[in-house]
Amino acid sequence: MKWLNVLKRGYADIGGTRFVIDHLRDETFVVVLPASTHNARLEASVRVEYTSHCVSYGPRAGAMIDFAVIGIERRLFDHRGVARAFCFDRHGWSLSLPAIVKTLADRKCHFAGHGNWFVVEEIDNHGATVEYEVFFVLRRDSGKSLRLVIESAYVRDAGGEATGAKKNRRGTVRFKVIVAKRLRGETVRNPAHNDTPAQKE
């Protein structure tokens, strides 16, 4: 199944169970940037998109996912056409994503590298409190509009899935600062290395 088709349908049927996906459809929210000494008050429209990585995992390096073992119904092709496995845990955690996104304007973000940022939310996972990492990229769309793509979200090392190296959380930047700089076409610097540009449009 292709992610865009699943997203449009709003659910995925796997093993006789229906998993609702419509909470990950595109949405829009507004970020208000208060007036400052040098800039007037500004309202930015942010369009949010979620990728299939929020509910699926990919193969480990040098390996392939054996869908004959886990079930062909779990095969999900992402936006690049790569076959990934629908993850029951990631799907469950993803139910928290819309609420987390709505609080981004008041959050501090960590630099993840390659133009990405992430925020960390403590959520309940089968009775235990875990850290849910939400990775995103923010780009200018047009005028006062921005495009926010939630590229992935997961609990690190849960289920033994390969989820990359531990990310540095030393430095942070407020989401509103990223928004302001994106709208102005300015460089957003890696907060852990103030002399190193993190990303630029």
# chains A, B, ... in the order shown; residues from 1 in each chain; ligands from 1
call {"tool": "residues_around", "arguments": {"residues": "Arg169 of chain A", "least_positions_apart": "6", "cutoff": "10 Å", "atoms": "only C-alpha atoms", "output": "PyMOL selection string"}}
result
chain A and resi 109-112+118-120+191-192
call {"tool": "write_last_selection", "arguments": {"atoms": "C-alpha atoms", "output": "PDB file, in the first residue's frame"}}
result
ATOM      1  CA  CYS A 109      13.691  22.656  19.501  1.00  0.00           C
ATOM      2  CA  HIS A 110      16.904  20.659  19.212  1.00  0.00           C
ATOM      3  CA  PHE A 111      19.055  20.646  16.064  1.00  0.00           C
ATOM      4  CA  ALA A 112      19.141  17.181  14.482  1.00  0.00           C
ATOM      5  CA  PHE A 118      13.323  17.681  16.820  1.00  0.00           C
ATOM      6  CA  VAL A 119      11.303  18.064  19.991  1.00  0.00           C
ATOM      7  CA  VAL A 120      10.898  15.559  22.808  1.00  0.00           C
ATOM      8  CA  PRO A 191      22.541  26.170  18.825  1.00  0.00           C
ATOM      9  CA  ALA A 192      25.272  23.829  20.093  1.00  0.00           C
TER      10      ALA A 192
END
call {"tool": "closest_atom_pairs", "arguments": {"of": "segment 121-166 of chain A", "to": "segment 42-64 of chain A", "cutoff": "9 Å", "atoms": "only C-alpha atoms", "output": "Markdown table"}}
result
| residue | atom | partner | partner_atom | distance |
| --- | --- | --- | --- | --- |
| A:Val134 | CA | A:Cys54 | CA | 8.6 |
| A:Leu138 | CA | A:Val46 | CA | 8.9 |
| A:Asp141 | CA | A:Val46 | CA | 8.9 |
| A:Gly143 | CA | A:Ala44 | CA | 8.9 |
| A:Lys144 | CA | A:Ala44 | CA | 5.1 |
| A:Ser145 | CA | A:Ser45 | CA | 4.7 |
| A:Leu146 | CA | A:Val46 | CA | 4.7 |
| A:Arg147 | CA | A:Arg47 | CA | 4.9 |
| A:Leu148 | CA | A:Val48 | CA | 4.8 |
| A:Val149 | CA | A:Glu49 | CA | 4.8 |
| A:Ile150 | CA | A:Tyr50 | CA | 4.8 |
| A:Glu151 | CA | A:Thr51 | CA | 5.5 |
| A:Ser152 | CA | A:Cys54 | CA | 4.8 |
| A:Ala153 | CA | A:Cys54 | CA | 5.0 |
| A:Tyr154 | CA | A:Cys54 | CA | 7.0 |
| A:Glu161 | CA | A:Tyr57 | CA | 7.4 |
| A:Ala162 | CA | A:Arg60 | CA | 5.9 |
| A:Thr163 | CA | A:Tyr57 | CA | 8.5 |
call {"tool": "select_by_dssp", "arguments": {"residues": "segment 42-136 of chain A", "states": "alpha helix (DSSP H)", "output": "list in words"}}
result
Phe67, Ala68, Val69, Ile70, Phe88, Asp89, Arg90, His91, Gly92, Trp93, Ser94, Leu97, Pro98, Ala99, Ile100, Val101 and Lys102 of chain A
call {"tool": "write_last_selection", "arguments": {"atoms": "N, CA, C and O atoms", "output": "short mmCIF file (atom, residue, chain, number, x, y, z; two decimals), in the first residue's frame"}}
result
data_model
loop_
_atom_site.label_atom_id
_atom_site.label_comp_id
_atom_site.auth_asym_id
_atom_site.auth_seq_id
_atom_site.Cartn_x
_atom_site.Cartn_y
_atom_site.Cartn_z
N PHE A 67 8.75 -9.50 4.60
CA PHE A 67 7.30 -9.37 4.73
C PHE A 67 6.59 -10.72 4.71
O PHE A 67 5.44 -10.83 5.13
N ALA A 68 7.29 -11.75 4.24
CA ALA A 68 6.72 -13.10 4.28
C ALA A 68 6.58 -13.56 5.73
O ALA A 68 5.72 -14.39 6.05
N VAL A 69 7.41 -13.01 6.60
CA VAL A 69 7.38 -13.36 8.02
C VAL A 69 6.42 -12.46 8.79
O VAL A 69 5.58 -12.93 9.57
N ILE A 70 6.54 -11.14 8.59
CA ILE A 70 5.72 -10.22 9.39
C ILE A 70 4.34 -9.96 8.78
O ILE A 70 3.46 -9.42 9.45
N PHE A 88 2.95 -1.06 14.74
CA PHE A 88 1.81 -0.88 15.63
C PHE A 88 2.12 0.12 16.74
O PHE A 88 1.27 0.94 17.11
N ASP A 89 3.34 0.06 17.27
CA ASP A 89 3.72 0.99 18.32
C ASP A 89 3.79 2.43 17.80
O ASP A 89 3.27 3.36 18.42
N ARG A 90 4.44 2.61 16.64
CA ARG A 90 4.55 3.97 16.09
C ARG A 90 3.16 4.54 15.79
O ARG A 90 2.93 5.73 15.99
N HIS A 91 2.28 3.68 15.31
CA HIS A 91 0.93 4.15 15.05
C HIS A 91 0.28 4.63 16.35
O HIS A 91 -0.34 5.70 16.40
N GLY A 92 0.40 3.86 17.40
CA GLY A 92 -0.16 4.25 18.69
C GLY A 92 0.42 5.54 19.20
O GLY A 92 -0.32 6.42 19.69
N TRP A 93 1.74 5.69 19.09
CA TRP A 93 2.37 6.93 19.54
C TRP A 93 1.93 8.11 18.69
O TRP A 93 1.83 9.24 19.18
N SER A 94 1.69 7.86 17.39
CA SER A 94 1.35 8.95 16.47
C SER A 94 0.04 9.64 16.84
O SER A 94 -0.20 10.78 16.40
N LEU A 97 0.61 13.04 18.05
CA LEU A 97 1.27 14.03 17.21
C LEU A 97 0.48 15.32 16.99
O LEU A 97 1.05 16.42 17.14
N PRO A 98 -0.78 15.27 16.63
CA PRO A 98 -1.50 16.54 16.41
C PRO A 98 -1.45 17.46 17.62
O PRO A 98 -1.28 18.69 17.48
N ALA A 99 -1.60 16.90 18.81
CA ALA A 99 -1.56 17.72 20.03
C ALA A 99 -0.17 18.31 20.25
O ALA A 99 -0.02 19.46 20.67
N ILE A 100 0.87 17.53 19.97
CA ILE A 100 2.24 18.02 20.11
C ILE A 100 2.51 19.15 19.13
O ILE A 100 3.08 20.19 19.48
N VAL A 101 2.07 18.97 17.88
CA VAL A 101 2.28 19.99 16.85
C VAL A 101 1.60 21.29 17.25
O VAL A 101 2.15 22.38 17.03
N LYS A 102 0.43 21.21 17.85
CA LYS A 102 -0.29 22.42 18.25
C LYS A 102 0.44 23.21 19.34
O LYS A 102 0.16 24.39 19.55
#
call {"tool": "residues_around", "arguments": {"residues": "Tyr11 of chain A", "least_positions_apart": "5", "cutoff": "7 Å", "atoms": "only C-alpha atoms", "output": "PDB file with N, CA, C and O atoms, in the first residue's frame"}}
result
ATOM      1  N   VAL A   6      -3.163   5.517   1.545  1.00  0.00           N
ATOM      2  CA  VAL A   6      -3.626   5.206   2.899  1.00  0.00           C
ATOM      3  C   VAL A   6      -4.073   6.477   3.600  1.00  0.00           C
ATOM      4  O   VAL A   6      -5.112   6.517   4.270  1.00  0.00           O
ATOM      5  N   ARG A  18      -8.550  -2.479  12.033  1.00  0.00           N
ATOM      6  CA  ARG A  18      -8.499  -1.208  11.320  1.00  0.00           C
ATOM      7  C   ARG A  18      -7.737  -0.181  12.148  1.00  0.00           C
ATOM      8  O   ARG A  18      -8.089   0.091  13.296  1.00  0.00           O
ATOM      9  N   PHE A  19      -6.687   0.380  11.555  1.00  0.00           N
ATOM     10  CA  PHE A  19      -5.879   1.400  12.202  1.00  0.00           C
ATOM     11  C   PHE A  19      -6.189   2.748  11.556  1.00  0.00           C
ATOM     12  O   PHE A  19      -5.927   2.961  10.375  1.00  0.00           O
ATOM     13  N   VAL A  20      -6.756   3.646  12.343  1.00  0.00           N
ATOM     14  CA  VAL A  20      -7.144   4.969  11.840  1.00  0.00           C
ATOM     15  C   VAL A  20      -5.902   5.811  11.572  1.00  0.00           C
ATOM     16  O   VAL A  20      -4.969   5.846  12.375  1.00  0.00           O
ATOM     17  N   ILE A  21      -5.904   6.487  10.419  1.00  0.00           N
ATOM     18  CA  ILE A  21      -4.766   7.311  10.005  1.00  0.00           C
ATOM     19  C   ILE A  21      -5.166   8.767   9.808  1.00  0.00           C
ATOM     20  O   ILE A  21      -4.324   9.642   9.642  1.00  0.00           O
ATOM     21  N   ASP A  22      -6.465   9.070   9.851  1.00  0.00           N
ATOM     22  CA  ASP A  22      -6.899  10.417   9.467  1.00  0.00           C
ATOM     23  C   ASP A  22      -6.396  11.526  10.380  1.00  0.00           C
ATOM     24  O   ASP A  22      -6.485  12.704  10.037  1.00  0.00           O
TER      25      ASP A  22
END
call {"tool": "closest_residue", "arguments": {"among": "A:Asp13, A:Asp157, A:Glu186, A:Glu122", "to": "Leu76 of chain A", "atoms": "only C-alpha atoms"}}
result
A:Asp13
call {"tool": "closest_residue", "arguments": {"among": "A:Arg75, A:Asn116, A:Arg9, A:Ala35", "to": "His23 of chain A", "atoms": "only C-alpha atoms"}}
result
A:Arg9
call {"tool": "decode", "arguments": {"residues": "segment 1-30 of chain A", "atoms": "N, CA, C and O atoms", "output": "mmCIF file, in the first residue's frame"}}
result
data_model
loop_
_atom_site.group_PDB
_atom_site.id
_atom_site.type_symbol
_atom_site.label_atom_id
_atom_site.label_comp_id
_atom_site.auth_asym_id
_atom_site.auth_seq_id
_atom_site.Cartn_x
_atom_site.Cartn_y
_atom_site.Cartn_z
ATOM 1 N N MET A 1 0.836 -1.182 0.000
ATOM 2 C CA MET A 1 0.000 0.000 0.000
ATOM 3 C C MET A 1 0.881 1.246 0.000
ATOM 4 O O MET A 1 1.921 1.283 0.620
ATOM 5 N N LYS A 2 0.445 2.267 -0.730
ATOM 6 C CA LYS A 2 1.186 3.516 -0.812
ATOM 7 C C LYS A 2 0.688 4.477 0.265
ATOM 8 O O LYS A 2 -0.511 4.577 0.503
ATOM 9 N N TRP A 3 1.624 5.201 0.868
ATOM 10 C CA TRP A 3 1.288 6.089 1.972
ATOM 11 C C TRP A 3 0.221 7.111 1.601
ATOM 12 O O TRP A 3 -0.743 7.311 2.341
ATOM 13 N N LEU A 4 0.370 7.755 0.449
ATOM 14 C CA LEU A 4 -0.592 8.784 0.075
ATOM 15 C C LEU A 4 -1.994 8.201 -0.096
ATOM 16 O O LEU A 4 -2.985 8.857 0.236
ATOM 17 N N ASN A 5 -2.084 6.972 -0.587
ATOM 18 C CA ASN A 5 -3.396 6.329 -0.731
ATOM 19 C C ASN A 5 -3.999 6.013 0.631
ATOM 20 O O ASN A 5 -5.195 6.201 0.856
ATOM 21 N N VAL A 6 -3.163 5.517 1.545
ATOM 22 C CA VAL A 6 -3.626 5.206 2.899
ATOM 23 C C VAL A 6 -4.073 6.477 3.600
ATOM 24 O O VAL A 6 -5.112 6.517 4.270
ATOM 25 N N LEU A 7 -3.290 7.532 3.428
ATOM 26 C CA LEU A 7 -3.607 8.806 4.066
ATOM 27 C C LEU A 7 -4.931 9.360 3.546
ATOM 28 O O LEU A 7 -5.769 9.859 4.304
ATOM 29 N N LYS A 8 -5.130 9.247 2.236
ATOM 30 C CA LYS A 8 -6.372 9.734 1.635
ATOM 31 C C LYS A 8 -7.569 8.929 2.126
ATOM 32 O O LYS A 8 -8.642 9.483 2.405
ATOM 33 N N ARG A 9 -7.379 7.608 2.259
ATOM 34 C CA ARG A 9 -8.460 6.734 2.726
ATOM 35 C C ARG A 9 -8.750 6.965 4.201
ATOM 36 O O ARG A 9 -9.888 6.859 4.645
ATOM 37 N N GLY A 10 -7.688 7.251 4.967
ATOM 38 C CA GLY A 10 -7.866 7.544 6.385
ATOM 39 C C GLY A 10 -7.711 6.373 7.317
ATOM 40 O O GLY A 10 -7.892 6.508 8.530
ATOM 41 N N TYR A 11 -7.340 5.217 6.816
ATOM 42 C CA TYR A 11 -7.152 4.039 7.667
ATOM 43 C C TYR A 11 -6.371 2.957 6.919
ATOM 44 O O TYR A 11 -6.239 3.002 5.685
ATOM 45 N N ALA A 12 -5.845 1.996 7.681
ATOM 46 C CA ALA A 12 -5.174 0.821 7.112
ATOM 47 C C ALA A 12 -5.730 -0.410 7.805
ATOM 48 O O ALA A 12 -5.822 -0.440 9.038
ATOM 49 N N ASP A 13 -6.131 -1.408 7.027
ATOM 50 C CA ASP A 13 -6.629 -2.671 7.573
ATOM 51 C C ASP A 13 -5.501 -3.693 7.565
ATOM 52 O O ASP A 13 -4.990 -4.053 6.502
ATOM 53 N N ILE A 14 -5.113 -4.138 8.748
ATOM 54 C CA ILE A 14 -4.011 -5.088 8.877
ATOM 55 C C ILE A 14 -4.404 -6.184 9.844
ATOM 56 O O ILE A 14 -4.758 -5.907 11.001
ATOM 57 N N GLY A 15 -4.353 -7.424 9.378
ATOM 58 C CA GLY A 15 -4.653 -8.571 10.245
ATOM 59 C C GLY A 15 -6.040 -8.520 10.856
ATOM 60 O O GLY A 15 -6.230 -8.941 11.996
ATOM 61 N N GLY A 16 -6.990 -7.985 10.117
ATOM 62 C CA GLY A 16 -8.355 -7.921 10.623
ATOM 63 C C GLY A 16 -8.630 -6.751 11.551
ATOM 64 O O GLY A 16 -9.732 -6.624 12.087
ATOM 65 N N THR A 17 -7.624 -5.877 11.747
ATOM 66 C CA THR A 17 -7.795 -4.703 12.608
ATOM 67 C C THR A 17 -7.680 -3.438 11.776
ATOM 68 O O THR A 17 -6.815 -3.335 10.903
ATOM 69 N N ARG A 18 -8.550 -2.479 12.033
ATOM 70 C CA ARG A 18 -8.499 -1.208 11.320
ATOM 71 C C ARG A 18 -7.737 -0.181 12.148
ATOM 72 O O ARG A 18 -8.089 0.091 13.296
ATOM 73 N N PHE A 19 -6.687 0.380 11.555
ATOM 74 C CA PHE A 19 -5.879 1.400 12.202
ATOM 75 C C PHE A 19 -6.189 2.748 11.556
ATOM 76 O O PHE A 19 -5.927 2.961 10.375
ATOM 77 N N VAL A 20 -6.756 3.646 12.343
ATOM 78 C CA VAL A 20 -7.144 4.969 11.840
ATOM 79 C C VAL A 20 -5.902 5.811 11.572
ATOM 80 O O VAL A 20 -4.969 5.846 12.375
ATOM 81 N N ILE A 21 -5.904 6.487 10.419
ATOM 82 C CA ILE A 21 -4.766 7.311 10.005
ATOM 83 C C ILE A 21 -5.166 8.767 9.808
ATOM 84 O O ILE A 21 -4.324 9.642 9.642
ATOM 85 N N ASP A 22 -6.465 9.070 9.851
ATOM 86 C CA ASP A 22 -6.899 10.417 9.467
ATOM 87 C C ASP A 22 -6.396 11.526 10.380
ATOM 88 O O ASP A 22 -6.485 12.704 10.037
ATOM 89 N N HIS A 23 -5.842 11.174 11.555
ATOM 90 C CA HIS A 23 -5.260 12.210 12.414
ATOM 91 C C HIS A 23 -3.957 12.751 11.838
ATOM 92 O O HIS A 23 -3.423 13.758 12.324
ATOM 93 N N LEU A 24 -3.443 12.083 10.784
ATOM 94 C CA LEU A 24 -2.184 12.509 10.181
ATOM 95 C C LEU A 24 -2.383 13.201 8.828
ATOM 96 O O LEU A 24 -1.420 13.351 8.068
ATOM 97 N N ARG A 25 -3.601 13.599 8.560
ATOM 98 C CA ARG A 25 -3.844 14.367 7.349
ATOM 99 C C ARG A 25 -3.338 15.799 7.532
ATOM 100 O O ARG A 25 -3.187 16.276 8.654
ATOM 101 N N ASP A 26 -3.090 16.466 6.421
ATOM 102 C CA ASP A 26 -2.571 17.838 6.460
ATOM 103 C C ASP A 26 -3.467 18.738 7.303
ATOM 104 O O ASP A 26 -4.698 18.572 7.311
ATOM 105 N N GLU A 27 -2.850 19.658 8.002
ATOM 106 C CA GLU A 27 -3.582 20.640 8.783
ATOM 107 C C GLU A 27 -2.804 21.945 8.764
ATOM 108 O O GLU A 27 -1.647 21.987 8.333
ATOM 109 N N THR A 28 -3.427 23.006 9.233
ATOM 110 C CA THR A 28 -2.779 24.318 9.249
ATOM 111 C C THR A 28 -2.993 24.983 10.604
ATOM 112 O O THR A 28 -4.066 24.856 11.193
ATOM 113 N N PHE A 29 -1.959 25.639 11.113
ATOM 114 C CA PHE A 29 -2.114 26.417 12.327
ATOM 115 C C PHE A 29 -1.373 27.744 12.160
ATOM 116 O O PHE A 29 -0.583 27.919 11.222
ATOM 117 N N VAL A 30 -1.658 28.658 13.041
ATOM 118 C CA VAL A 30 -1.080 30.007 12.941
ATOM 119 C C VAL A 30 -0.116 30.245 14.096
ATOM 120 O O VAL A 30 -0.420 29.914 15.244
#
